[in-house]
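Trainee: Below you'll find the structure I mean.
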Amino acid sequence: MTDTPIHILLVDDHPLVRDGLRARLEAVPHLRVVAEADGAEDALRQAGEHGVELVLMDINMRGISGIEATARFRQQFPAIAVLILSMHDKVEYVSQAMQAGARGYVLKDAPGKDIVLAIETVMAGGIYYSAALARQLARPLVQDTQLSVREQEVLQHLAGGQSNKQIARALDLSVRTVETHRLNIKRKLGIEGQAELIRYAVQHARFEGS
């Protein structure tokens with residue numbers, strides 16, 4: 001990880017929560033909280049003033065929800081990554097957040113190291129969400145006749161937040177074969193970027209209890 005500081009905006013309508021997050025994050029040398037906001041409108045204003053690179057966004061706030069705020073960030077500041085930090089562990093929230101443009105979803109009761117890992121993963125161009133949510137994923141995907149059975153299995157593991165190496169190990173494939181499947185999936189579905197691919201995987205996964 002680079003030593004260049006990551007400039008973070010905290011968005012939560014509870015000052016004590018923001019205080020705790022600031023203390024936790026600023027204990028990490030390369031993380032710097034440059035602004036705080038208690039709602040979406042204030043967050044959007046501050047993002048344009050402080051060189052924000054990542055927004056740590058709550059969902060339940062007075063007025064505009066964190067999911068709607070995420071969609072607005074995607075429209076107004078597409079270069080800024082949004083990471084949801086929420087108490088809600090329902091997969092419906094994860095799907096809505098991904099559709100809105102979030103790059104990850106972390107539960108508020110996650111260990112501090114998980115939040116740091118989520119920030120680093122997102123800033124490196126990846127997608128991250130808490131292991132507690134990943135464990136709720138269940139096979140199979142909603143049937144997509146464009147994809148082979150193996151491609152659907154790969155897509156399901158992508159929805160679970162797994163890397164190419166982890167997928168290869170789980171499916172007893174080579175990493176190169178997994179990479180080929182990912183390319184084929186993107187080609188068949190007309191998907192270009194990695195974030196869009198994983199967003200599609202999460203949105204189309206069937207979850208336990210759904």
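Following the order of the structure tokens, first chain is A, next is B, and so on, with residues numbered from 1 inside each chain and ligands from 1 in the order they appear.
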Applying 12 Å and only C-alpha atoms, which residues near Lys186 of chain A remain after dropping the ones on its own chain fewer than 6 positions away? List them as an NGL selection string.
Mentor: :A and (146-147 or 151-152 or 154-155 or 179-180 or 192-201)
Trainee: Mind listing the strand (DSSP E or B) residues of segment 11-206 of chain A, per DSSP on the backbone, as a ChimeraX atom specification?
Mentor: /A:11,31-37,54-57,81-86,104-107,128-129,137
Trainee: So that I can see what lies close to segment 106-113 of chain A, please list as a list in words the residues with an atom at most 8 Å from it, counting only C-alpha atoms and leaving out residues fewer than 2 positions away in the same chain.
Mentor: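 So the residues in contact are Arg24, Leu83, Ile84, Leu85, Ser86, Met87, His88, Asp89, Gly104, Ile115, Val116, Leu117, Ala118, Tyr128, Tyr129 and Ser130 of chain A.
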Trainee: Those residues with C-alpha atoms, as a short mmCIF file (atom, residue, chain, number, x, y, z; two decimals), in the first residue's frame please?
Mentor:
```cif
data_model
loop_
_atom_site.label_atom_id
_atom_site.label_comp_id
_atom_site.auth_asym_id
_atom_site.auth_seq_id
_atom_site.Cartn_x
_atom_site.Cartn_y
_atom_site.Cartn_z
CA ARG A 24 -9.91 4.52 14.36
CA LEU A 83 -17.95 2.66 0.78
CA ILE A 84 -21.10 1.90 2.77
CA LEU A 85 -20.66 1.43 6.51
CA SER A 86 -23.94 0.25 7.98
CA MET A 87 -25.55 -1.67 10.82
CA HIS A 88 -27.87 -3.40 8.34
CA ASP A 89 -26.81 -6.90 7.33
CA GLY A 104 -18.18 -1.86 -0.99
CA ILE A 115 -12.70 -1.35 7.61
CA VAL A 116 -9.10 -0.46 6.78
CA LEU A 117 -8.87 -3.44 4.41
CA ALA A 118 -12.12 -2.39 2.76
CA TYR A 128 -15.28 -5.24 -0.84
CA TYR A 129 -17.99 -6.26 1.55
CA SER A 130 -17.99 -7.88 4.96
#
```
Trainee: Would you mind telling me which residue in A:His50, A:Val122, A:Ile80, A:Asp38 lies nearest to Leu16 of chain A when using only C-alpha atoms?
Mentor: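 Using only C-alpha atoms, the shortest distance to Leu16 of chain A belongs to A:Asp38.
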Trainee: Quick check, in Å to one decimal: how far apart do atom CA of Gly63 of chain A and atom CA of Asp13 of chain A lie?
Mentor: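 For atom CA of Gly63 of chain A relative to atom CA of Asp13 of chain A, the distance reads 10.2 Å.
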Trainee: Work out how far apart atom CA of Gly48 of chain A and atom CA of Gly20 of chain A are and give it in Å to one decimal.
Mentor: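 That distance, rounded to one decimal, is 24.1 Å.
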Trainee: Could you give me the residues within segment 34-210 of chain A that DSSP places in alpha helix (DSSP H), as a ChimeraX atom specification?
Mentor: /A:40-47,66-76,91-100,112-123,131-134,149-159,164-171,175-189,194-204
Trainee: Could you work out how far atom CA of Gln162 of chain A lies from atom CA of Pro29 of chain A, giving the answer in Å with one decimal?
Mentor: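 Computed distance, atom CA of Pro29 of chain A to atom CA of Gln162 of chain A, equals 27.2 Å.
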